$ cat target16.tsv   # TSV, C-alpha atoms and all ligand atoms
chain	number	residue	atom	x	y	z
A	1	MET	CA	121.67	82.39	52.11
A	2	LEU	CA	123.85	82.00	55.18
A	3	ASN	CA	127.30	80.46	55.15
A	4	ALA	CA	129.52	78.75	57.70
A	5	SER	CA	132.52	76.47	57.74
A	6	THR	CA	132.35	72.81	58.73
A	7	ARG	CA	135.44	73.51	60.86
A	8	ASP	CA	133.31	75.64	63.17
A	9	VAL	CA	130.78	72.87	63.81
A	10	PRO	CA	132.41	69.62	64.96
A	11	ALA	CA	130.15	66.58	65.40
A	12	GLY	CA	127.87	66.92	68.41
A	13	THR	CA	128.05	70.73	68.49
A	14	MET	CA	126.02	73.68	67.27
A	15	ILE	CA	126.64	77.31	66.41
A	16	GLY	CA	124.46	80.34	65.91
A	17	ILE	CA	125.05	82.55	62.90
A	18	GLU	CA	123.44	85.84	62.05
A	19	SER	CA	123.07	87.61	58.78
A	20	GLU	CA	120.61	90.05	57.26
A	21	GLY	CA	118.44	90.03	60.34
A	22	LYS	CA	118.18	86.25	60.45
A	23	SER	CA	119.53	84.09	63.24
A	24	VAL	CA	120.08	80.45	62.37
A	25	LEU	CA	121.27	77.50	64.43
A	26	ILE	CA	123.48	74.98	62.62
A	27	ALA	CA	124.06	71.64	64.32
A	28	ASN	CA	126.27	68.71	63.40
A	29	ILE	CA	124.60	65.45	64.35
A	30	GLY	CA	126.91	62.54	63.65
A	31	GLY	CA	128.48	64.27	60.65
A	32	LYS	CA	125.23	65.53	59.13
A	33	TYR	CA	124.39	69.22	59.26
A	34	TYR	CA	121.00	70.67	60.10
A	35	ALA	CA	119.69	74.21	60.39
A	36	ILE	CA	116.71	75.65	62.21
A	37	ASN	CA	115.63	79.12	63.27
A	38	ASN	CA	117.73	80.16	66.29
A	39	ILE	CA	115.08	82.26	68.06
A	40	CYS	CA	112.95	80.31	70.50
A	41	THR	CA	109.26	80.36	69.59
A	42	HIS	CA	108.43	80.74	73.29
A	43	MET	CA	109.87	84.14	74.26
A	44	GLY	CA	112.69	84.73	71.85
A	45	CYS	CA	115.81	83.45	73.59
A	46	THR	CA	118.75	82.29	71.49
A	47	LEU	CA	118.66	78.51	71.19
A	48	SER	CA	122.35	78.15	70.33
A	49	ASN	CA	123.13	79.46	73.84
A	50	GLY	CA	121.33	76.41	75.22
A	51	THR	CA	122.41	72.79	75.29
A	52	LEU	CA	122.51	70.17	72.56
A	53	LYS	CA	121.90	66.57	73.55
A	54	GLY	CA	121.70	64.06	70.75
A	55	ASN	CA	119.46	65.70	68.17
A	56	GLN	CA	117.65	67.93	70.67
A	57	VAL	CA	118.39	71.51	71.61
A	58	GLN	CA	117.13	72.86	74.91
A	59	CYS	CA	116.44	76.58	75.22
A	60	PRO	CA	118.52	78.23	77.97
A	61	CYS	CA	115.60	80.34	79.23
A	62	HIS	CA	112.68	78.07	80.12
A	63	GLY	CA	113.74	74.69	78.78
A	64	SER	CA	111.67	74.30	75.62
A	65	THR	CA	113.21	71.53	73.53
A	66	PHE	CA	113.32	71.21	69.75
A	67	ASP	CA	114.51	68.52	67.36
A	68	VAL	CA	117.29	70.20	65.36
A	69	THR	CA	116.86	67.74	62.48
A	70	THR	CA	113.28	68.87	61.83
A	71	GLY	CA	112.59	71.95	63.96
A	72	GLY	CA	109.86	69.92	65.67
A	73	LEU	CA	108.76	70.79	69.18
A	74	VAL	CA	109.74	68.04	71.64
A	75	HIS	CA	108.29	69.80	74.65
A	76	GLY	CA	107.26	73.28	75.81
A	77	PRO	CA	106.58	75.72	77.31
A	78	ALA	CA	106.89	76.75	73.63
A	79	LYS	CA	103.83	75.80	71.62
A	80	LYS	CA	105.16	76.14	68.09
A	81	PRO	CA	107.94	74.30	66.24
A	82	GLU	CA	110.90	76.11	64.68
A	83	PRO	CA	111.23	76.57	60.92
A	84	SER	CA	113.93	74.30	59.52
A	85	TYR	CA	116.11	75.19	56.56
A	86	LYS	CA	117.79	73.30	53.76
A	87	VAL	CA	121.51	72.79	54.26
A	88	THR	CA	124.04	72.12	51.51
A	89	VAL	CA	127.63	71.13	52.23
A	90	GLU	CA	130.36	71.41	49.64
A	91	ASP	CA	133.90	70.70	50.82
A	92	GLU	CA	134.12	72.83	53.99
A	93	ASN	CA	131.35	75.23	53.06
A	94	ILE	CA	127.96	74.98	54.69
A	95	THR	CA	125.21	76.91	52.94
A	96	VAL	CA	121.83	77.41	54.57
A	97	ASP	CA	118.90	78.27	52.36
A	98	VAL	CA	116.95	80.81	54.43
A	99	PRO	CA	113.88	82.08	52.60
B	101	LIG	S1	112.28	81.55	75.53
B	101	LIG	FE1	112.82	79.51	75.07
B	101	LIG	S2	111.76	78.35	76.52
B	101	LIG	FE2	111.17	80.37	76.96
$ encode --input "target16.tsv" --output "structure tokens"
Amino acid sequence: MLNASTRDVPAGTMIGIESEGKSVLIANIGGKYYAINNICTHMGCTLSNGTLKGNQVQCPCHGSTFDVTTGGLVHGPAKKPEPSYKVTVEDENITVDVP
């Protein structure tokens, strides 16, 4: 379980949080929160240091792009999608279910 506050993720933004060796990207797309693995499946750069446009995050290193709502690969050079995680929001608390 990873936790964050909705105050730290205004609509149209993303953050990276780390806990227990996991790095997770949380994005707010139009008031809905989504979480995917924050480590690029290409060569391991941190996706939350990249750019978020609409529902797509672009890796800062070589430009791989993922859909933050599903973890799906939009385009490479990465070849694999990112795992996506279940997000629960209660009041201001965001909880990410990381297995
Ligand atoms: S490490 Fe992300 S595109 Fe290469």
$ residues_around --input "target16.tsv" --residues "region 28-33 of chain A" --least-positions-apart "6" --cutoff "6 Å" --atoms "all atoms listed in the file" --output "list in words"
Ala11, Gly12 and Thr13 of chain A
$ atom_distance --input "target16.tsv" --atom1 "CA of Glu20 (chain A)" --atom2 "CA of Gly76 (chain A)"
28.3 Å
$ closest_residue --input "target16.tsv" --among "A:Pro10, A:Gly54, A:Gly44, A:Gly21" --to "Glu82 (chain A)" --atoms "only C-alpha atoms"
A:Gly44
$ residues_around --input "target16.tsv" --residues "Leu73 (chain A)" --least-positions-apart "5" --cutoff "12 Å" --atoms "all atoms listed in the file" --output "PyMOL selection string"
chain A and resi 36+40-42+55-59+63-68+78-84
$ atom_distance --input "target16.tsv" --atom1 "CA of Ser23 (chain A)" --atom2 "CA of Ala4 (chain A)"
12.6 Å
$ build_atoms --input "target16.tsv" --residues "region 33-44 of chain A" --atoms "all heavy atoms" --output "PDB file, in the coordinates of the input"
ATOM      1  N   TYR A  33     124.647  67.839  58.818  1.00  0.00           N
ATOM      2  CA  TYR A  33     124.390  69.220  59.260  1.00  0.00           C
ATOM      3  C   TYR A  33     122.918  69.560  59.089  1.00  0.00           C
ATOM      4  O   TYR A  33     122.302  69.219  58.085  1.00  0.00           O
ATOM      5  CB  TYR A  33     125.254  70.195  58.458  1.00  0.00           C
ATOM      6  CG  TYR A  33     126.724  69.949  58.672  1.00  0.00           C
ATOM      7  CD1 TYR A  33     127.407  69.027  57.892  1.00  0.00           C
ATOM      8  CD2 TYR A  33     127.413  70.600  59.691  1.00  0.00           C
ATOM      9  CE1 TYR A  33     128.749  68.761  58.099  1.00  0.00           C
ATOM     10  CE2 TYR A  33     128.755  70.352  59.911  1.00  0.00           C
ATOM     11  CZ  TYR A  33     129.419  69.431  59.112  1.00  0.00           C
ATOM     12  OH  TYR A  33     130.746  69.170  59.335  1.00  0.00           O
ATOM     13  N   TYR A  34     122.409  70.270  60.094  1.00  0.00           N
ATOM     14  CA  TYR A  34     121.000  70.670  60.100  1.00  0.00           C
ATOM     15  C   TYR A  34     120.904  72.127  60.508  1.00  0.00           C
ATOM     16  O   TYR A  34     121.747  72.621  61.266  1.00  0.00           O
ATOM     17  CB  TYR A  34     120.210  69.821  61.099  1.00  0.00           C
ATOM     18  CG  TYR A  34     120.241  68.346  60.790  1.00  0.00           C
ATOM     19  CD1 TYR A  34     121.210  67.514  61.343  1.00  0.00           C
ATOM     20  CD2 TYR A  34     119.302  67.778  59.918  1.00  0.00           C
ATOM     21  CE1 TYR A  34     121.247  66.158  61.045  1.00  0.00           C
ATOM     22  CE2 TYR A  34     119.324  66.431  59.612  1.00  0.00           C
ATOM     23  CZ  TYR A  34     120.310  65.625  60.183  1.00  0.00           C
ATOM     24  OH  TYR A  34     120.343  64.292  59.876  1.00  0.00           O
ATOM     25  N   ALA A  35     119.875  72.802  60.029  1.00  0.00           N
ATOM     26  CA  ALA A  35     119.690  74.210  60.390  1.00  0.00           C
ATOM     27  C   ALA A  35     118.230  74.487  60.722  1.00  0.00           C
ATOM     28  O   ALA A  35     117.320  74.052  60.008  1.00  0.00           O
ATOM     29  CB  ALA A  35     120.137  75.116  59.239  1.00  0.00           C
ATOM     30  N   ILE A  36     118.042  75.184  61.838  1.00  0.00           N
ATOM     31  CA  ILE A  36     116.710  75.650  62.210  1.00  0.00           C
ATOM     32  C   ILE A  36     116.804  77.111  62.651  1.00  0.00           C
ATOM     33  O   ILE A  36     117.902  77.611  62.912  1.00  0.00           O
ATOM     34  CB  ILE A  36     116.065  74.811  63.355  1.00  0.00           C
ATOM     35  CG1 ILE A  36     116.854  74.935  64.661  1.00  0.00           C
ATOM     36  CG2 ILE A  36     115.919  73.347  62.933  1.00  0.00           C
ATOM     37  CD1 ILE A  36     116.151  74.296  65.874  1.00  0.00           C
ATOM     38  N   ASN A  37     115.656  77.754  62.754  1.00  0.00           N
ATOM     39  CA  ASN A  37     115.630  79.120  63.270  1.00  0.00           C
ATOM     40  C   ASN A  37     116.190  79.110  64.697  1.00  0.00           C
ATOM     41  O   ASN A  37     115.916  78.208  65.482  1.00  0.00           O
ATOM     42  CB  ASN A  37     114.169  79.602  63.257  1.00  0.00           C
ATOM     43  CG  ASN A  37     114.038  81.023  63.703  1.00  0.00           C
ATOM     44  OD1 ASN A  37     114.782  81.892  63.269  1.00  0.00           O
ATOM     45  ND2 ASN A  37     113.078  81.274  64.568  1.00  0.00           N
ATOM     46  N   ASN A  38     116.988  80.150  65.019  1.00  0.00           N
ATOM     47  CA  ASN A  38     117.730  80.160  66.290  1.00  0.00           C
ATOM     48  C   ASN A  38     116.994  80.911  67.392  1.00  0.00           C
ATOM     49  O   ASN A  38     117.501  81.035  68.501  1.00  0.00           O
ATOM     50  CB  ASN A  38     119.106  80.795  66.040  1.00  0.00           C
ATOM     51  CG  ASN A  38     120.106  80.489  67.136  1.00  0.00           C
ATOM     52  OD1 ASN A  38     119.933  79.550  67.908  1.00  0.00           O
ATOM     53  ND2 ASN A  38     121.156  81.281  67.193  1.00  0.00           N
ATOM     54  N   ILE A  39     115.823  81.456  67.075  1.00  0.00           N
ATOM     55  CA  ILE A  39     115.080  82.260  68.060  1.00  0.00           C
ATOM     56  C   ILE A  39     113.937  81.409  68.596  1.00  0.00           C
ATOM     57  O   ILE A  39     113.044  81.007  67.849  1.00  0.00           O
ATOM     58  CB  ILE A  39     114.500  83.532  67.383  1.00  0.00           C
ATOM     59  CG1 ILE A  39     115.616  84.315  66.688  1.00  0.00           C
ATOM     60  CG2 ILE A  39     113.775  84.391  68.403  1.00  0.00           C
ATOM     61  CD1 ILE A  39     116.746  84.751  67.582  1.00  0.00           C
ATOM     62  N   CYS A  40     113.968  81.172  69.890  1.00  0.00           N
ATOM     63  CA  CYS A  40     112.950  80.310  70.500  1.00  0.00           C
ATOM     64  C   CYS A  40     111.550  80.845  70.236  1.00  0.00           C
ATOM     65  O   CYS A  40     111.295  82.049  70.385  1.00  0.00           O
ATOM     66  CB  CYS A  40     113.213  80.203  72.003  1.00  0.00           C
ATOM     67  SG  CYS A  40     112.110  79.046  72.839  1.00  0.00           S
ATOM     68  N   THR A  41     110.638  79.945  69.864  1.00  0.00           N
ATOM     69  CA  THR A  41     109.260  80.360  69.590  1.00  0.00           C
ATOM     70  C   THR A  41     108.490  80.665  70.874  1.00  0.00           C
ATOM     71  O   THR A  41     107.357  81.133  70.812  1.00  0.00           O
ATOM     72  CB  THR A  41     108.483  79.275  68.797  1.00  0.00           C
ATOM     73  OG1 THR A  41     108.507  78.056  69.545  1.00  0.00           O
ATOM     74  CG2 THR A  41     109.099  79.052  67.432  1.00  0.00           C
ATOM     75  N   HIS A  42     109.110  80.407  72.030  1.00  0.00           N
ATOM     76  CA  HIS A  42     108.430  80.740  73.290  1.00  0.00           C
ATOM     77  C   HIS A  42     108.542  82.248  73.562  1.00  0.00           C
ATOM     78  O   HIS A  42     107.572  82.972  73.370  1.00  0.00           O
ATOM     79  CB  HIS A  42     109.013  79.917  74.451  1.00  0.00           C
ATOM     80  CG  HIS A  42     108.360  80.193  75.760  1.00  0.00           C
ATOM     81  ND1 HIS A  42     109.078  80.431  76.900  1.00  0.00           N
ATOM     82  CD2 HIS A  42     107.044  80.286  76.095  1.00  0.00           C
ATOM     83  CE1 HIS A  42     108.216  80.653  77.899  1.00  0.00           C
ATOM     84  NE2 HIS A  42     106.995  80.557  77.436  1.00  0.00           N
ATOM     85  N   MET A  43     109.734  82.712  73.967  1.00  0.00           N
ATOM     86  CA  MET A  43     109.870  84.140  74.260  1.00  0.00           C
ATOM     87  C   MET A  43     111.119  84.746  73.645  1.00  0.00           C
ATOM     88  O   MET A  43     111.587  85.798  74.090  1.00  0.00           O
ATOM     89  CB  MET A  43     109.838  84.387  75.765  1.00  0.00           C
ATOM     90  CG  MET A  43     108.442  84.130  76.346  1.00  0.00           C
ATOM     91  SD  MET A  43     108.349  84.404  78.121  1.00  0.00           S
ATOM     92  CE  MET A  43     108.409  86.176  78.192  1.00  0.00           C
ATOM     93  N   GLY A  44     111.666  84.090  72.649  1.00  0.00           N
ATOM     94  CA  GLY A  44     112.690  84.730  71.850  1.00  0.00           C
ATOM     95  C   GLY A  44     114.130  84.573  72.297  1.00  0.00           C
ATOM     96  O   GLY A  44     114.999  85.290  71.808  1.00  0.00           O
TER      97      GLY A  44
END
